[in-house]
Each structure stands twice: as C-alpha cells, then as structure tokens.
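Okay, so here's the structure we're looking at.
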Amino acid sequence: MESITIPSDRDGVAYLYGHPLRNSLSPPLHQTVYNALGLNWTQIPLSSPSPNGSSYTQSPTIDTFLSSIKANPKFVGSSVTMPWKVAIMPHLDDLTEDARQAGACNTIFLRKDTDGKTGYVGTNTDCIGIREALLQGSPNGAAHFQGKPALIVGGGGTARTAVYVLRRWLGVSKIYIVNRDAEEVAAILAEDKARNAGKEGVAPLIPVSDAKTAATVEAPVAVVSGIPNYPPKTEEEVRARETLTTLLRRQSHEKDQGVILEMCYHPLPWTEIAQIASDAKWKVVLGSEALIWQGLEQAKLWTGQDVVAVPGLVEQVKDFVSRTVAERSKANL
C-alpha cells in the first residue's frame, strides 16, 4: 500500500490503522455516529482484502501513514490497532496520561497549541471502554468495587489497560493476575514497578498461578478477561483455567455479585469463560460494550461534540453493534 485514499466526496476522513482489519466493527460504528450527527464523514480501514477475500494487504508503514495524514486536509483522526498500538507512540507529538499509563495508543486526534499549530496526539480510549462497561454493569457504580479486589486475565495490552482503569476509576484494593505465561506476568510487574516507582497507595499487582492459592485469597468483585476463546490445551493453559475457575466460583452472594467484562466477543460473543462466570452467578458484560464506549469517546475527540448527549445516538450505536454481533455469531455457529 503506497498511498492513502482521500475521498473527494467526503468532508472529513478518519482512518483505522492496523492489520488485519477484516472483522473490525469500527468503520460502520463510526458511520452510524456520523450519520446521526449529519456529518459527511467516513472512516477508512488501511488494510484491504484481496479480490477473492483470501488474504489481506499489509497496512502502510508508520512513516507513510503519518506523512499521509499530515498532508491530508480532511483528516480528523484515526483508530490504531495491532500491530501499531505501541510502536506508533514515539512518533506522535504528544500522549495523554491514559496512553502513557496504559502503555499503548489506540486513538490519534488533532489538537492545536497556543500558537495555532496542529499537534497529533495519541490517547487510549480503551480505558474509557473498559471503565464504562464495568460501571454500567455494576449495581451501584464505582462504589461496588472500591476497596475490594479485582482480577485481570491475560498478559497483553488489555491486561495493562485494565490495571490502570481498575486503579484510577474503580478504586480497587488489589489486582490479581491470572495468565498462562509467567514471563508475560513478570513483564507487566516490571513495567508497573517502573511506572509507579515512589508512588504510595497504589493497588498492588498479585500473580495467582494455581488453584490452591486462588482458594485462599480474598474473592474479587471485578474481572477483566482479555484472552482468546480457545479451550485450554497445554499444561500452563489448563492450570490458568483451573485457577480462574476457582476464583470465579468463590463469589459469595447476590448482594456482592461480581461483574466480569469478557473482552473477547469474536467470533462468538458468549465464551467459555463467560459461561463459567455465569454459572457462578457473576454479572457478565460482553466486550462489545467496551467497543461501543471506546468508539463513542473517539467520536467525541474527533468531532468536538458530546456525542453521548445527542438524543438517541447511543441507542443507535448499541443497536447496530448488538445486531451485527448477533449476525456474526449466527454465521459462526
């Protein structure tokens, strides 16, 4: 891909930068927002299928992408996904605290400085997506989680973002980590120690690596699961699943019902982990909820409008995502 399209018939152009992008709901989600606002805008994925749909072109390099958007007078912002979420950060003019703390950028927006110069700023709206999905799934907002343990499942970008969200907005007392790969957990702990050196009152990260330990710790009330929906096969995967299952089954009673955000919703929205949690009486929130709220935050940054306050807009977006996830789920059964 040598050039980036600038549609002549649109007033504003957003991009989705990453690879592959076959299953992304981002462009149609944003089109729903633009249509509701009466904006002649579009979002274009920068990774295209081959004519027969069997393969995908690569996305442009970071240098090509940035030089193209800076030369594009219609550019309004961009979503950023794998494999560029971390690699793009040093190339931007500035980063928000959310991007720094999450260690990844999933959104670029424009910001003018006092001299009127346009800056290309990276942020992480996944923070808002995870936060809102958990808060709106809670019976009484953040108070349901404050001063109580939480749990993250996985060792990637979602886990890192969830740590930040659980601390900043939910006020949890401690955060357990369950993951099949001990090295990934060690990397998270090392990064976290460096990022929070000298800070007091930070909820500690506590690896839980076996079911026996899981049976003795204080039960969590919030979980963010960020792993693919594959049945465990290796010894490490089986051990991690047993550890997670033990923690989920320790939920006490309905008043303290835990909330689990299952970030994996493709190809099927209801995962094995969602079923285990549901059987243990957890409130299950699908990852599509996080997708909705992070997308609305992106739209807010790009349009400069409080899109959540626009009558009927959130409902339109939720309806679109719900229908699309249901259709895809049916196709994959």
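Here's how to read the names in the structure tokens: chain A, B, ... by the order shown, residue numbers from 1 in each chain, ligand numbers from 1 in the order shown.
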Check the DSSP output for the backbone and give back, as number ranges by chain, the residues of segment 77-253 of chain A in strand (DSSP E or B). A: 77-80, 94-95, 107-112, 118-123, 149-153, 174-178, 205-207, 222-225
Within 8 Å of segment 229-251 of chain A: each segment 98-184 of chain A residue with its shortest pair, only C-alpha atoms, as a Markdown table:
```
| residue | atom | partner | partner_atom | distance |
| --- | --- | --- | --- | --- |
| A:Val153 | CA | A:Leu244 | CA | 7.9 |
| A:Val178 | CA | A:Ala240 | CA | 6.2 |
| A:Asn179 | CA | A:Ala240 | CA | 5.8 |
| A:Arg180 | CA | A:Glu236 | CA | 5.0 |
| A:Asp181 | CA | A:Glu236 | CA | 7.2 |
```
Can you write just those residues out, N, CA and C atoms, as an mmCIF file, in the first residue's frame?
```
data_model
loop_
_atom_site.group_PDB
_atom_site.id
_atom_site.type_symbol
_atom_site.label_atom_id
_atom_site.label_comp_id
_atom_site.auth_asym_id
_atom_site.auth_seq_id
_atom_site.Cartn_x
_atom_site.Cartn_y
_atom_site.Cartn_z
ATOM 1 N N VAL A 153 -7.320 -11.221 33.547
ATOM 2 C CA VAL A 153 -6.961 -12.497 32.940
ATOM 3 C C VAL A 153 -6.243 -12.198 31.633
ATOM 4 N N VAL A 178 -4.061 -13.575 36.487
ATOM 5 C CA VAL A 178 -4.039 -14.988 36.107
ATOM 6 C C VAL A 178 -3.688 -15.054 34.629
ATOM 7 N N ASN A 179 -2.631 -15.774 34.302
ATOM 8 C CA ASN A 179 -2.199 -15.871 32.913
ATOM 9 C C ASN A 179 -1.387 -17.148 32.726
ATOM 10 N N ARG A 180 -1.445 -17.705 31.540
ATOM 11 C CA ARG A 180 -0.731 -18.952 31.274
ATOM 12 C C ARG A 180 0.782 -18.755 31.204
ATOM 13 N N ASP A 181 1.221 -17.533 30.855
ATOM 14 C CA ASP A 181 2.638 -17.270 30.595
ATOM 15 C C ASP A 181 3.246 -16.463 31.737
#
```
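Going from atom CA of Val307 of chain A over to atom CA of Val33 of chain A, you cover 7.9 Å.
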Please identify all polymer residues within 12 Å of Lys300 of chain A, counting only C-alpha atoms, omitting same-chain residues fewer than 2 positions from it, and present them as a list in words.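 Counting only C-alpha atoms, the residues come to His30, Val33, Tyr34, Leu37, Val76, Gly77, Thr107, Phe109, Leu110, Thr125, Ile128, Trp293, Gln294, Gly295, Leu296, Glu297, Gln298, Trp302, Thr303, Gly304, Gln305, Asp306, Val307, Val308, Ala309 and Val310 of chain A.
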Those residues you just picked out, can you put them in a file as a compact mmCIF listing (two decimals), in the first residue's frame with N, CA, C and O atoms?
```txt
# COMPACT_ATOMS: atom_id res chain seq x y z
N HIS A 30 -18.53 4.01 13.49
CA HIS A 30 -18.33 5.45 13.33
C HIS A 30 -19.26 6.04 12.27
O HIS A 30 -19.72 7.18 12.41
N VAL A 33 -22.41 6.94 13.87
CA VAL A 33 -22.30 8.22 14.59
C VAL A 33 -22.36 9.39 13.62
O VAL A 33 -23.10 10.37 13.84
N TYR A 34 -21.59 9.34 12.54
CA TYR A 34 -21.56 10.45 11.58
C TYR A 34 -22.93 10.68 10.96
O TYR A 34 -23.36 11.84 10.80
N LEU A 37 -25.13 12.48 13.36
CA LEU A 37 -24.74 13.88 13.54
C LEU A 37 -24.91 14.71 12.27
O LEU A 37 -24.68 15.93 12.29
N VAL A 76 -9.39 13.81 10.24
CA VAL A 76 -10.00 14.21 11.51
C VAL A 76 -9.50 13.36 12.69
O VAL A 76 -9.64 13.76 13.85
N GLY A 77 -8.91 12.18 12.41
CA GLY A 77 -8.44 11.33 13.48
C GLY A 77 -8.30 9.90 12.99
O GLY A 77 -8.69 9.57 11.87
N THR A 107 -5.81 5.59 19.62
CA THR A 107 -6.52 6.72 19.01
C THR A 107 -5.56 7.88 18.78
O THR A 107 -4.76 8.22 19.65
N PHE A 109 -5.80 11.96 17.73
CA PHE A 109 -6.70 13.09 17.49
C PHE A 109 -5.87 14.35 17.31
O PHE A 109 -4.67 14.39 17.63
N LEU A 110 -6.49 15.39 16.79
CA LEU A 110 -5.82 16.65 16.50
C LEU A 110 -6.02 17.63 17.63
O LEU A 110 -7.11 17.74 18.20
N THR A 125 -8.53 5.23 24.23
CA THR A 125 -9.94 5.24 24.61
C THR A 125 -10.43 3.86 25.06
O THR A 125 -11.56 3.74 25.54
N ILE A 128 -11.59 4.16 28.52
CA ILE A 128 -12.98 4.59 28.71
C ILE A 128 -13.93 3.44 28.43
O ILE A 128 -14.94 3.25 29.12
N TRP A 293 -18.26 2.05 23.93
CA TRP A 293 -17.89 3.24 24.69
C TRP A 293 -16.54 3.80 24.28
O TRP A 293 -16.35 5.02 24.28
N GLN A 294 -15.60 2.94 23.88
CA GLN A 294 -14.34 3.49 23.40
C GLN A 294 -14.54 4.19 22.06
O GLN A 294 -13.91 5.21 21.78
N GLY A 295 -15.45 3.64 21.23
CA GLY A 295 -15.73 4.28 19.95
C GLY A 295 -16.42 5.62 20.10
O GLY A 295 -16.12 6.58 19.37
N LEU A 296 -17.34 5.71 21.05
CA LEU A 296 -18.01 6.99 21.31
C LEU A 296 -17.02 8.03 21.82
O LEU A 296 -17.13 9.22 21.48
N GLU A 297 -16.05 7.60 22.61
CA GLU A 297 -15.03 8.54 23.09
C GLU A 297 -14.16 9.02 21.92
O GLU A 297 -13.79 10.19 21.86
N GLN A 298 -13.84 8.13 21.00
CA GLN A 298 -13.10 8.55 19.81
C GLN A 298 -13.91 9.59 19.02
O GLN A 298 -13.36 10.62 18.61
N TRP A 302 -12.85 13.42 17.92
CA TRP A 302 -12.72 13.81 16.51
C TRP A 302 -13.72 14.88 16.09
O TRP A 302 -13.39 15.75 15.30
N THR A 303 -14.95 14.79 16.61
CA THR A 303 -15.99 15.74 16.19
C THR A 303 -16.02 16.99 17.06
O THR A 303 -16.56 18.01 16.64
N GLY A 304 -15.49 16.89 18.27
CA GLY A 304 -15.58 18.01 19.20
C GLY A 304 -16.96 18.14 19.81
O GLY A 304 -17.26 19.13 20.48
N GLN A 305 -17.81 17.13 19.63
CA GLN A 305 -19.16 17.15 20.17
C GLN A 305 -19.32 16.10 21.26
O GLN A 305 -18.71 15.04 21.21
N ASP A 306 -20.19 16.41 22.22
CA ASP A 306 -20.52 15.44 23.26
C ASP A 306 -21.53 14.48 22.68
O ASP A 306 -22.75 14.62 22.87
N VAL A 307 -21.04 13.48 21.96
CA VAL A 307 -21.92 12.60 21.20
C VAL A 307 -22.85 11.79 22.11
O VAL A 307 -23.96 11.43 21.70
N VAL A 308 -22.42 11.51 23.34
CA VAL A 308 -23.25 10.74 24.26
C VAL A 308 -24.51 11.52 24.63
O VAL A 308 -25.55 10.93 24.94
N ALA A 309 -24.43 12.85 24.58
CA ALA A 309 -25.57 13.69 24.95
C ALA A 309 -26.56 13.88 23.80
O ALA A 309 -27.65 14.42 24.01
N VAL A 310 -26.20 13.45 22.60
CA VAL A 310 -27.10 13.61 21.45
C VAL A 310 -28.26 12.62 21.57
O VAL A 310 -28.03 11.40 21.66
```
Any idea what's packed within 12 Å of Glu97 of chain A, counting only C-alpha atoms, ignoring anything in its chain fewer than 3 positions away? Could you give it as a ChimeraX atom specification? /A:94,100-105,121-125,127,161,164-165,168,195
Write out the residues from the selection above, keeping N, CA and C atoms, as an mmCIF file, in the first residue's frame.
```cif
data_model
loop_
_atom_site.group_PDB
_atom_site.id
_atom_site.type_symbol
_atom_site.label_atom_id
_atom_site.label_comp_id
_atom_site.auth_asym_id
_atom_site.auth_seq_id
_atom_site.Cartn_x
_atom_site.Cartn_y
_atom_site.Cartn_z
ATOM 1 N N ASP A 94 2.409 14.258 21.057
ATOM 2 C CA ASP A 94 2.147 14.205 22.498
ATOM 3 C C ASP A 94 1.306 12.979 22.800
ATOM 4 N N ARG A 100 -0.109 6.944 28.214
ATOM 5 C CA ARG A 100 1.140 6.653 28.934
ATOM 6 C C ARG A 100 0.940 5.540 29.958
ATOM 7 N N GLN A 101 -0.114 5.648 30.730
ATOM 8 C CA GLN A 101 -0.340 4.672 31.784
ATOM 9 C C GLN A 101 -0.748 3.310 31.235
ATOM 10 N N ALA A 102 -1.515 3.299 30.151
ATOM 11 C CA ALA A 102 -1.926 2.031 29.545
ATOM 12 C C ALA A 102 -0.792 1.422 28.733
ATOM 13 N N GLY A 103 0.195 2.246 28.358
ATOM 14 C CA GLY A 103 1.323 1.736 27.590
ATOM 15 C C GLY A 103 0.996 1.445 26.145
ATOM 16 N N ALA A 104 -0.087 2.046 25.636
ATOM 17 C CA ALA A 104 -0.491 1.801 24.254
ATOM 18 C C ALA A 104 -1.389 2.943 23.783
ATOM 19 N N CYS A 105 -1.384 3.164 22.469
ATOM 20 C CA CYS A 105 -2.218 4.196 21.847
ATOM 21 C C CYS A 105 -3.177 3.532 20.881
ATOM 22 N N VAL A 121 -1.958 13.880 18.554
ATOM 23 C CA VAL A 121 -1.900 13.408 19.937
ATOM 24 C C VAL A 121 -2.435 11.982 20.031
ATOM 25 N N GLY A 122 -1.719 11.156 20.785
ATOM 26 C CA GLY A 122 -2.161 9.783 20.989
ATOM 27 C C GLY A 122 -2.820 9.610 22.345
ATOM 28 N N THR A 123 -3.906 8.864 22.368
ATOM 29 C CA THR A 123 -4.571 8.543 23.625
ATOM 30 C C THR A 123 -5.020 7.087 23.593
ATOM 31 N N ASN A 124 -5.692 6.657 24.635
ATOM 32 C CA ASN A 124 -6.163 5.275 24.706
ATOM 33 C C ASN A 124 -7.607 5.277 25.180
ATOM 34 N N THR A 125 -8.531 5.226 24.232
ATOM 35 C CA THR A 125 -9.945 5.238 24.608
ATOM 36 C C THR A 125 -10.430 3.865 25.063
ATOM 37 N N CYS A 127 -9.416 2.648 27.634
ATOM 38 C CA CYS A 127 -9.599 2.930 29.068
ATOM 39 C C CYS A 127 -11.045 3.287 29.359
ATOM 40 N N THR A 161 -4.086 -2.148 30.239
ATOM 41 C CA THR A 161 -5.095 -1.088 30.285
ATOM 42 C C THR A 161 -6.045 -1.295 31.451
ATOM 43 N N TYR A 164 -4.742 -0.098 34.871
ATOM 44 C CA TYR A 164 -4.862 1.358 35.018
ATOM 45 C C TYR A 164 -6.296 1.761 35.341
ATOM 46 N N VAL A 165 -7.261 1.185 34.623
ATOM 47 C CA VAL A 165 -8.671 1.526 34.837
ATOM 48 C C VAL A 165 -9.126 1.131 36.237
ATOM 49 N N ARG A 168 -7.486 3.687 38.706
ATOM 50 C CA ARG A 168 -7.840 5.108 38.612
ATOM 51 C C ARG A 168 -9.313 5.378 38.870
ATOM 52 N N ARG A 195 6.862 2.253 36.385
ATOM 53 C CA ARG A 195 5.931 3.353 36.135
ATOM 54 C C ARG A 195 5.449 3.995 37.431
#
```
Closest to Glu218 of chain A among A:Leu291, A:Ala274, A:Leu151, A:Val80, using only C-alpha atoms? A:Leu151
Neighbour list for segment 204-209 of chain A as a count of residues only, cut-off 6 Å, only C-alpha atoms, skip fewer than 5 positions in-chain: 5
Contact residues around Pro60 of chain A with only C-alpha atoms at 12 Å, ignoring same-chain residues under 3 positions, as a PyMOL selection string: chain A and resi 1-5+15-20+45-48+57+63-69+83-84
Using DSSP assignments from the backbone, pull out every residue in segment 68-157 of chain A that falls under helix (DSSP H, G or I) and give it to me as number ranges by chain. A: 68-70, 89-91, 97-102, 126-137, 141-144, 157
Calculate how many Å separate atom CA of Ala299 of chain A from atom CA of Leu29 of chain A, rounding to one decimal.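 If I compute the distance from atom CA of Ala299 of chain A to atom CA of Leu29 of chain A, I get 9.8 Å.
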Compare A:Met263, A:Val13, A:Leu170, A:Ala211 by their minimum atom-to-atom distance to Ala142 of chain A, counting only C-alpha atoms, and give me the closest one.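 Closest residue, counting only C-alpha atoms: A:Leu170.
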Residue neighbourhood Ser173 of chain A, 9 Å, only C-alpha atoms, exclusion window fewer than 6 positions, as number ranges by chain: A: 145-150, 167, 202-204
For the selection you just gave me, I'd like the residues written to a file as a PDB file, in the first residue's frame, keeping N, CA, C and O atoms.
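The result, stored in part22.pdb:
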```pdb
ATOM      1  N   PHE A 145     -17.044  -1.502  43.660  1.00  0.00           N
ATOM      2  CA  PHE A 145     -15.706  -2.069  43.525  1.00  0.00           C
ATOM      3  C   PHE A 145     -14.680  -1.485  44.499  1.00  0.00           C
ATOM      4  O   PHE A 145     -13.631  -2.092  44.734  1.00  0.00           O
ATOM      5  N   GLN A 146     -14.961  -0.312  45.030  1.00  0.00           N
ATOM      6  CA  GLN A 146     -13.971   0.401  45.837  1.00  0.00           C
ATOM      7  C   GLN A 146     -13.543  -0.393  47.066  1.00  0.00           C
ATOM      8  O   GLN A 146     -14.375  -0.925  47.805  1.00  0.00           O
ATOM      9  N   GLY A 147     -12.223  -0.461  47.238  1.00  0.00           N
ATOM     10  CA  GLY A 147     -11.667  -1.136  48.398  1.00  0.00           C
ATOM     11  C   GLY A 147     -11.759  -2.643  48.365  1.00  0.00           C
ATOM     12  O   GLY A 147     -11.520  -3.304  49.379  1.00  0.00           O
ATOM     13  N   LYS A 148     -12.087  -3.205  47.197  1.00  0.00           N
ATOM     14  CA  LYS A 148     -12.220  -4.658  47.059  1.00  0.00           C
ATOM     15  C   LYS A 148     -11.270  -5.164  45.961  1.00  0.00           C
ATOM     16  O   LYS A 148     -10.866  -4.400  45.086  1.00  0.00           O
ATOM     17  N   PRO A 149     -10.943  -6.448  45.986  1.00  0.00           N
ATOM     18  CA  PRO A 149     -10.014  -6.984  44.988  1.00  0.00           C
ATOM     19  C   PRO A 149     -10.638  -7.085  43.597  1.00  0.00           C
ATOM     20  O   PRO A 149     -11.858  -7.212  43.444  1.00  0.00           O
ATOM     21  N   ALA A 150      -9.765  -7.036  42.602  1.00  0.00           N
ATOM     22  CA  ALA A 150     -10.169  -7.248  41.216  1.00  0.00           C
ATOM     23  C   ALA A 150      -9.213  -8.262  40.595  1.00  0.00           C
ATOM     24  O   ALA A 150      -8.209  -8.647  41.196  1.00  0.00           O
ATOM     25  N   ARG A 167      -7.486   0.808  38.912  1.00  0.00           N
ATOM     26  CA  ARG A 167      -6.897   1.682  39.931  1.00  0.00           C
ATOM     27  C   ARG A 167      -7.487   3.092  39.890  1.00  0.00           C
ATOM     28  O   ARG A 167      -7.903   3.624  40.908  1.00  0.00           O
ATOM     29  N   VAL A 202      -0.802   2.678  45.819  1.00  0.00           N
ATOM     30  CA  VAL A 202      -1.142   2.032  44.544  1.00  0.00           C
ATOM     31  C   VAL A 202      -1.573   0.589  44.813  1.00  0.00           C
ATOM     32  O   VAL A 202      -0.852  -0.169  45.458  1.00  0.00           O
ATOM     33  N   ALA A 203      -2.736   0.227  44.305  1.00  0.00           N
ATOM     34  CA  ALA A 203      -3.225  -1.147  44.492  1.00  0.00           C
ATOM     35  C   ALA A 203      -2.203  -2.124  43.928  1.00  0.00           C
ATOM     36  O   ALA A 203      -1.843  -2.042  42.752  1.00  0.00           O
ATOM     37  N   PRO A 204      -1.710  -3.053  44.733  1.00  0.00           N
ATOM     38  CA  PRO A 204      -0.650  -3.963  44.271  1.00  0.00           C
ATOM     39  C   PRO A 204      -1.146  -4.987  43.260  1.00  0.00           C
ATOM     40  O   PRO A 204      -2.317  -5.377  43.265  1.00  0.00           O
TER      41      PRO A 204
END
```
Report the distance between atom CA of Thr81 of chain A and atom CA of Leu21 of chain A in Å, rounded to one decimal place.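 Computing the Euclidean distance for atom CA of Thr81 of chain A and atom CA of Leu21 of chain A yields 8.8 Å.
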Minimum-distance residue to Gly154 of chain A, chosen among A:Leu95, A:Ala71, A:Val325, A:Ile227 (using only C-alpha atoms):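 Between A:Leu95, A:Ala71, A:Val325, A:Ile227, the residue approaching Gly154 of chain A most closely is A:Ile227.
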A:Arg131, A:Arg160, A:Lys330, A:Lys283 ranked by distance to Gly226 of chain A, top pick (using only C-alpha atoms): A:Arg160
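Residue nearest Pro27 of chain A, chosen from A:Gly201, A:Asp279, A:Asp256, A:Val321 and counting only C-alpha atoms: A:Val321.
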